[in-house]
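What follows is coords.pdb (PDB, C-alpha atoms and all ligand atoms).
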```pdb
ATOM      1  CA  MET C1136      27.866   4.939 -64.480  1.00  0.00           C
ATOM      2  CA  ALA C1137      24.102   4.868 -64.152  1.00  0.00           C
ATOM      3  CA  TYR C1138      22.774   2.506 -61.556  1.00  0.00           C
ATOM      4  CA  GLY C1139      19.339   0.982 -61.833  1.00  0.00           C
ATOM      5  CA  GLU C1140      16.661   1.902 -59.332  1.00  0.00           C
ATOM      6  CA  LYS C1141      16.602  -1.548 -57.780  1.00  0.00           C
ATOM      7  CA  VAL C1142      20.339  -1.431 -57.089  1.00  0.00           C
ATOM      8  CA  ILE C1143      19.982   1.927 -55.411  1.00  0.00           C
ATOM      9  CA  ASP C1144      16.994   0.747 -53.379  1.00  0.00           C
ATOM     10  CA  HIS C1145      18.856  -2.309 -52.068  1.00  0.00           C
ATOM     11  CA  TYR C1146      22.008  -0.262 -51.520  1.00  0.00           C
ATOM     12  CA  GLU C1147      20.206   2.415 -49.526  1.00  0.00           C
ATOM     13  CA  ASN C1148      17.877   0.035 -47.692  1.00  0.00           C
ATOM     14  CA  PRO C1149      19.783  -3.218 -47.544  1.00  0.00           C
ATOM     15  CA  ARG C1150      17.692  -6.143 -46.320  1.00  0.00           C
ATOM     16  CA  ASN C1151      18.928  -8.605 -43.739  1.00  0.00           C
ATOM     17  CA  VAL C1152      22.267  -7.056 -42.827  1.00  0.00           C
ATOM     18  CA  GLY C1153      23.930  -8.810 -39.916  1.00  0.00           C
ATOM     19  CA  SER C1154      25.215 -12.181 -38.896  1.00  0.00           C
ATOM     20  CA  PHE C1155      24.392 -15.393 -37.054  1.00  0.00           C
ATOM     21  CA  SER C1156      26.679 -17.353 -34.782  1.00  0.00           C
ATOM     22  CA  LYS C1157      28.893 -19.374 -37.111  1.00  0.00           C
ATOM     23  CA  ALA C1158      29.169 -22.149 -34.550  1.00  0.00           C
ATOM     24  CA  ASP C1159      25.467 -23.020 -34.595  1.00  0.00           C
ATOM     25  CA  LEU C1160      24.696 -26.267 -36.329  1.00  0.00           C
ATOM     26  CA  ASN C1161      21.706 -24.880 -38.218  1.00  0.00           C
ATOM     27  CA  ILE C1162      23.759 -22.056 -39.746  1.00  0.00           C
ATOM     28  CA  GLY C1163      25.686 -22.189 -43.004  1.00  0.00           C
ATOM     29  CA  THR C1164      28.298 -19.523 -43.685  1.00  0.00           C
ATOM     30  CA  GLY C1165      29.727 -18.530 -47.038  1.00  0.00           C
ATOM     31  CA  MET C1166      32.594 -16.060 -47.116  1.00  0.00           C
ATOM     32  CA  VAL C1167      33.944 -15.254 -50.551  1.00  0.00           C
ATOM     33  CA  GLY C1168      36.149 -12.637 -52.139  1.00  0.00           C
ATOM     34  CA  ALA C1169      36.144 -11.220 -55.642  1.00  0.00           C
ATOM     35  CA  PRO C1170      39.566 -11.508 -57.238  1.00  0.00           C
ATOM     36  CA  ALA C1171      38.619  -8.743 -59.684  1.00  0.00           C
ATOM     37  CA  CYS C1172      38.276  -6.043 -57.052  1.00  0.00           C
ATOM     38  CA  GLY C1173      39.058  -7.410 -53.596  1.00  0.00           C
ATOM     39  CA  ASP C1174      35.524  -7.048 -52.278  1.00  0.00           C
ATOM     40  CA  VAL C1175      34.365  -9.539 -49.661  1.00  0.00           C
ATOM     41  CA  MET C1176      30.916 -10.920 -49.024  1.00  0.00           C
ATOM     42  CA  LYS C1177      29.693 -13.001 -46.093  1.00  0.00           C
ATOM     43  CA  LEU C1178      26.336 -14.672 -46.475  1.00  0.00           C
ATOM     44  CA  GLN C1179      24.683 -16.871 -43.873  1.00  0.00           C
ATOM     45  CA  ILE C1180      21.618 -19.047 -43.937  1.00  0.00           C
ATOM     46  CA  LYS C1181      19.579 -20.447 -41.075  1.00  0.00           C
ATOM     47  CA  VAL C1182      17.987 -23.755 -41.961  1.00  0.00           C
ATOM     48  CA  ASN C1183      15.050 -25.278 -40.101  1.00  0.00           C
ATOM     49  CA  GLU C1184      14.308 -28.944 -39.397  1.00  0.00           C
ATOM     50  CA  GLN C1185      12.360 -29.278 -42.645  1.00  0.00           C
ATOM     51  CA  GLY C1186      15.426 -28.225 -44.628  1.00  0.00           C
ATOM     52  CA  ILE C1187      13.955 -24.830 -45.466  1.00  0.00           C
ATOM     53  CA  ILE C1188      15.995 -21.662 -45.276  1.00  0.00           C
ATOM     54  CA  GLU C1189      14.054 -19.676 -42.721  1.00  0.00           C
ATOM     55  CA  ASP C1190      16.389 -16.724 -42.449  1.00  0.00           C
ATOM     56  CA  ALA C1191      19.443 -15.240 -44.139  1.00  0.00           C
ATOM     57  CA  LYS C1192      21.863 -12.469 -43.333  1.00  0.00           C
ATOM     58  CA  PHE C1193      24.801 -10.831 -45.040  1.00  0.00           C
ATOM     59  CA  LYS C1194      27.704  -8.491 -44.589  1.00  0.00           C
ATOM     60  CA  THR C1195      29.374  -7.162 -47.663  1.00  0.00           C
ATOM     61  CA  TYR C1196      32.503  -5.050 -47.793  1.00  0.00           C
ATOM     62  CA  GLY C1197      32.207  -3.870 -51.320  1.00  0.00           C
ATOM     63  CA  CYS C1198      30.565  -1.857 -53.975  1.00  0.00           C
ATOM     64  CA  GLY C1199      26.902  -0.921 -54.251  1.00  0.00           C
ATOM     65  CA  SER C1200      26.181  -3.686 -56.716  1.00  0.00           C
ATOM     66  CA  ALA C1201      27.697  -6.301 -54.424  1.00  0.00           C
ATOM     67  CA  ILE C1202      25.640  -5.008 -51.497  1.00  0.00           C
ATOM     68  CA  ALA C1203      22.493  -4.946 -53.630  1.00  0.00           C
ATOM     69  CA  SER C1204      23.203  -8.464 -54.968  1.00  0.00           C
ATOM     70  CA  SER C1205      23.601  -9.906 -51.485  1.00  0.00           C
ATOM     71  CA  SER C1206      20.585  -8.032 -50.142  1.00  0.00           C
ATOM     72  CA  LEU C1207      18.396  -9.327 -52.964  1.00  0.00           C
ATOM     73  CA  LEU C1208      19.738 -12.841 -52.538  1.00  0.00           C
ATOM     74  CA  THR C1209      18.881 -12.950 -48.830  1.00  0.00           C
ATOM     75  CA  GLU C1210      15.302 -12.064 -49.758  1.00  0.00           C
ATOM     76  CA  TRP C1211      15.140 -14.681 -52.485  1.00  0.00           C
ATOM     77  CA  VAL C1212      16.453 -17.620 -50.464  1.00  0.00           C
ATOM     78  CA  LYS C1213      14.060 -17.256 -47.542  1.00  0.00           C
ATOM     79  CA  GLY C1214      11.445 -19.975 -47.657  1.00  0.00           C
ATOM     80  CA  LYS C1215      13.393 -22.001 -50.216  1.00  0.00           C
ATOM     81  CA  THR C1216      14.859 -25.468 -49.827  1.00  0.00           C
ATOM     82  CA  LEU C1217      18.625 -25.839 -50.173  1.00  0.00           C
ATOM     83  CA  GLU C1218      18.144 -27.399 -53.597  1.00  0.00           C
ATOM     84  CA  GLN C1219      15.996 -24.491 -54.750  1.00  0.00           C
ATOM     85  CA  ALA C1220      18.482 -21.961 -53.381  1.00  0.00           C
ATOM     86  CA  LYS C1221      21.277 -23.678 -55.310  1.00  0.00           C
ATOM     87  CA  GLN C1222      19.397 -23.043 -58.542  1.00  0.00           C
ATOM     88  CA  ILE C1223      19.665 -19.269 -58.203  1.00  0.00           C
ATOM     89  CA  LYS C1224      22.049 -18.014 -60.858  1.00  0.00           C
ATOM     90  CA  ASN C1225      24.094 -14.880 -60.874  1.00  0.00           C
ATOM     91  CA  THR C1226      22.429 -14.066 -64.170  1.00  0.00           C
ATOM     92  CA  ASP C1227      19.042 -13.977 -62.370  1.00  0.00           C
ATOM     93  CA  ILE C1228      20.439 -11.463 -59.899  1.00  0.00           C
ATOM     94  CA  ALA C1229      22.112  -9.389 -62.604  1.00  0.00           C
ATOM     95  CA  ALA C1230      18.896  -9.328 -64.625  1.00  0.00           C
ATOM     96  CA  GLU C1231      16.713  -8.385 -61.646  1.00  0.00           C
ATOM     97  CA  LEU C1232      19.082  -5.562 -60.685  1.00  0.00           C
ATOM     98  CA  ASP C1233      19.837  -4.587 -64.263  1.00  0.00           C
ATOM     99  CA  LEU C1234      23.581  -4.694 -63.625  1.00  0.00           C
ATOM    100  CA  PRO C1235      25.902  -3.333 -66.295  1.00  0.00           C
ATOM    101  CA  PRO C1236      28.571  -5.700 -67.712  1.00  0.00           C
ATOM    102  CA  VAL C1237      31.398  -4.412 -65.490  1.00  0.00           C
ATOM    103  CA  LYS C1238      29.274  -5.221 -62.440  1.00  0.00           C
ATOM    104  CA  ILE C1239      28.372  -8.774 -63.359  1.00  0.00           C
ATOM    105  CA  HIS C1240      31.143 -10.155 -61.139  1.00  0.00           C
ATOM    106  CA  CYS C1241      29.371  -8.572 -58.155  1.00  0.00           C
ATOM    107  CA  SER C1242      26.415 -10.896 -58.752  1.00  0.00           C
ATOM    108  CA  VAL C1243      28.815 -13.818 -59.256  1.00  0.00           C
ATOM    109  CA  LEU C1244      30.103 -13.085 -55.781  1.00  0.00           C
ATOM    110  CA  ALA C1245      26.568 -13.475 -54.432  1.00  0.00           C
ATOM    111  CA  GLU C1246      26.079 -16.791 -56.224  1.00  0.00           C
ATOM    112  CA  ASP C1247      29.425 -18.053 -54.887  1.00  0.00           C
ATOM    113  CA  ALA C1248      28.478 -16.917 -51.393  1.00  0.00           C
ATOM    114  CA  ILE C1249      25.153 -18.758 -51.275  1.00  0.00           C
ATOM    115  CA  ARG C1250      26.703 -21.939 -52.667  1.00  0.00           C
ATOM    116  CA  THR C1251      29.506 -21.798 -50.143  1.00  0.00           C
ATOM    117  CA  ALA C1252      26.994 -21.214 -47.345  1.00  0.00           C
ATOM    118  CA  ILE C1253      24.931 -24.231 -48.422  1.00  0.00           C
ATOM    119  CA  GLU C1254      28.053 -26.415 -48.621  1.00  0.00           C
ATOM    120  CA  ASP C1255      29.135 -25.256 -45.193  1.00  0.00           C
ATOM    121  CA  TYR C1256      25.724 -26.142 -43.776  1.00  0.00           C
ATOM    122  CA  GLN C1257      25.728 -29.563 -45.426  1.00  0.00           C
ATOM    123  CA  LYS C1258      29.241 -30.317 -44.200  1.00  0.00           C
ATOM    124  CA  LYS C1259      28.152 -29.512 -40.669  1.00  0.00           C
ATOM    125  CA  GLN C1260      25.173 -31.882 -40.950  1.00  0.00           C
ATOM    126  CA  ALA C1261      27.376 -34.656 -42.315  1.00  0.00           C
ATOM    127  CA  GLY C1262      29.778 -34.210 -39.427  1.00  0.00           C
ATOM    128  CA  ALA C1263      27.051 -34.149 -36.808  1.00  0.00           C
TER
HETATM  129 FE1  LIG L   1      35.204  -3.155 -55.036  1.00  0.00          FE
HETATM  130 FE2  LIG L   1      33.489  -2.275 -56.324  1.00  0.00          FE
HETATM  131  S1  LIG L   1      35.426  -2.574 -56.940  1.00  0.00           S
HETATM  132  S2  LIG L   1      33.949  -1.689 -54.413  1.00  0.00           S
HETATM  133 FE1  LIG L   2      33.689  -5.903 -57.192  1.00  0.00          FE
HETATM  134 FE2  LIG L   2      31.271  -5.108 -57.150  1.00  0.00          FE
HETATM  135  S1  LIG L   2      32.072  -6.799 -56.146  1.00  0.00           S
HETATM  136  S2  LIG L   2      32.929  -4.134 -58.096  1.00  0.00           S
END
```
Would you encode the structure as structure tokens?
Amino acid sequence: MAYGEKVIDHYENPRNVGSFSKADLNIGTGMVGAPACGDVMKLQIKVNEQGIIEDAKFKTYGCGSAIASSSLLTEWVKGKTLEQAKQIKNTDIAAELDLPPVKIHCSVLAEDAIRTAIEDYQKKQAGA
């Protein structure tokens, strides 16, 4: 299968790989798995007092497209509000990376991960 240049770039030079301490109140963590292939993606956001995502990190145990999707997503969410970050669709990621149809679920994984991370963050705030 031919991969697009942007996928290869993000795969070879992934942005923002790593993790934050899950316990911190300003961190939201989204850990999701893809039923289709068993790949797992962890995406974390660090939110500042203004409600802006100031940093994001990921770890993805999966295919090149999943790694590229999460890498791209961490770049996109930085500087966004939680509401803006929620608007990012897997179709935006798939279009930017030019993913082939069999790899669309990899971008779905990224969308699920960011949503789960935002929910986790909001739950923490509600409980604080
Ligand atoms: Fe999981 Fe892509 S099928 S690596
Ligand atoms: Fe399953 Fe990419 S996440 S093949």
Checklist entry - Could you name the residues that touch stretch 1211-1225 of chain C at 9 Å or less, counting only C-alpha atoms, but leaving out those on the same chain fewer than 6 positions away, as a VMD selection string? => result chain C and resid 1180 1182 1185 to 1191 1204 1239 to 1247 1249 to 1250 1253
Could those residues be written to a file, using C-alpha atoms, as a short mmCIF file (atom, residue, chain, number, x, y, z; two decimals), keeping the file's coordinate frame?
```cif
data_model
loop_
_atom_site.label_atom_id
_atom_site.label_comp_id
_atom_site.auth_asym_id
_atom_site.auth_seq_id
_atom_site.Cartn_x
_atom_site.Cartn_y
_atom_site.Cartn_z
CA ILE C 1180 21.62 -19.05 -43.94
CA VAL C 1182 17.99 -23.76 -41.96
CA GLN C 1185 12.36 -29.28 -42.64
CA GLY C 1186 15.43 -28.22 -44.63
CA ILE C 1187 13.96 -24.83 -45.47
CA ILE C 1188 16.00 -21.66 -45.28
CA GLU C 1189 14.05 -19.68 -42.72
CA ASP C 1190 16.39 -16.72 -42.45
CA ALA C 1191 19.44 -15.24 -44.14
CA SER C 1204 23.20 -8.46 -54.97
CA ILE C 1239 28.37 -8.77 -63.36
CA HIS C 1240 31.14 -10.15 -61.14
CA CYS C 1241 29.37 -8.57 -58.16
CA SER C 1242 26.42 -10.90 -58.75
CA VAL C 1243 28.82 -13.82 -59.26
CA LEU C 1244 30.10 -13.08 -55.78
CA ALA C 1245 26.57 -13.48 -54.43
CA GLU C 1246 26.08 -16.79 -56.22
CA ASP C 1247 29.42 -18.05 -54.89
CA ILE C 1249 25.15 -18.76 -51.28
CA ARG C 1250 26.70 -21.94 -52.67
CA ILE C 1253 24.93 -24.23 -48.42
#
```
note - atom CA of C:Gly1163 and atom CA of C:Gln1257 are separated by 7.8 Å
List the residues matched by the PyMOL selection byres (((chain C and resi 1195) around 12) and not hetatm) in the displayed structure as a PyMOL selection string, ordered by chain and then by residue number.
chain C and resi 1146+1149-1154+1165-1169+1173-1179+1192-1194+1196-1206+1241+1244-1245+1248
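Of note, atom CA of C:Asp1227 and atom CA of C:Lys1181 are spaced 22.3 Å apart.
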_Quick check, in Å to one decimal: how far apart do atom S1 of ligand LIG 1 (chain L) and atom CA of C:Val1142 lie?_
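Those two atoms sit 15.1 Å apart.
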Applied to the shown file, which residues does the PyMOL selection byres (((chain C and resi 1233) around 8) and not hetatm) return, written as a ChimeraX atom specification?
/C:1139,1141-1142,1229-1232,1234-1235
Considering only C-alpha atoms and all ligand atoms, state which residue in the set C:Glu1147, C:Lys1238, C:Tyr1138, C:Ser1156 is at the smallest distance from ligand LIG 1 (chain L).
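Closest to ligand LIG 1 (chain L) of all the choices is C:Lys1238.
Residue nearest C:Asp1255 within the list C:Glu1210, C:Ile1143, C:Asn1161, C:Cys1172: C:Asn1161 [criterion: smallest interatomic distance, all atoms listed in the file].
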Name the closest residue to ligand LIG 1 (chain L) among the candidates C:Ala1261, C:Ile1228, C:Ala1171, C:Ala1252; distances are taken between atoms, counting only C-alpha atoms and all ligand atoms.
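Result for the nearest residue to ligand LIG 1 (chain L): C:Ala1171.
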Taking only C-alpha atoms and all ligand atoms into account, which of C:Tyr1256, C:Val1237, C:Ile1162, C:Asn1183 comes nearest ligand LIG 1 (chain L)?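 Checking each of C:Tyr1256, C:Val1237, C:Ile1162, C:Asn1183 against ligand LIG 1 (chain L), counting only C-alpha atoms and all ligand atoms, the winner is C:Val1237.
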*asked:* Nearest residue to ligand LIG 2 (chain L) out of C:Lys1157, C:Glu1184, C:Pro1170, C:Gly1262, using only C-alpha atoms and all ligand atoms?
replied: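 The answer is C:Pro1170, which sits nearest to ligand LIG 2 (chain L).
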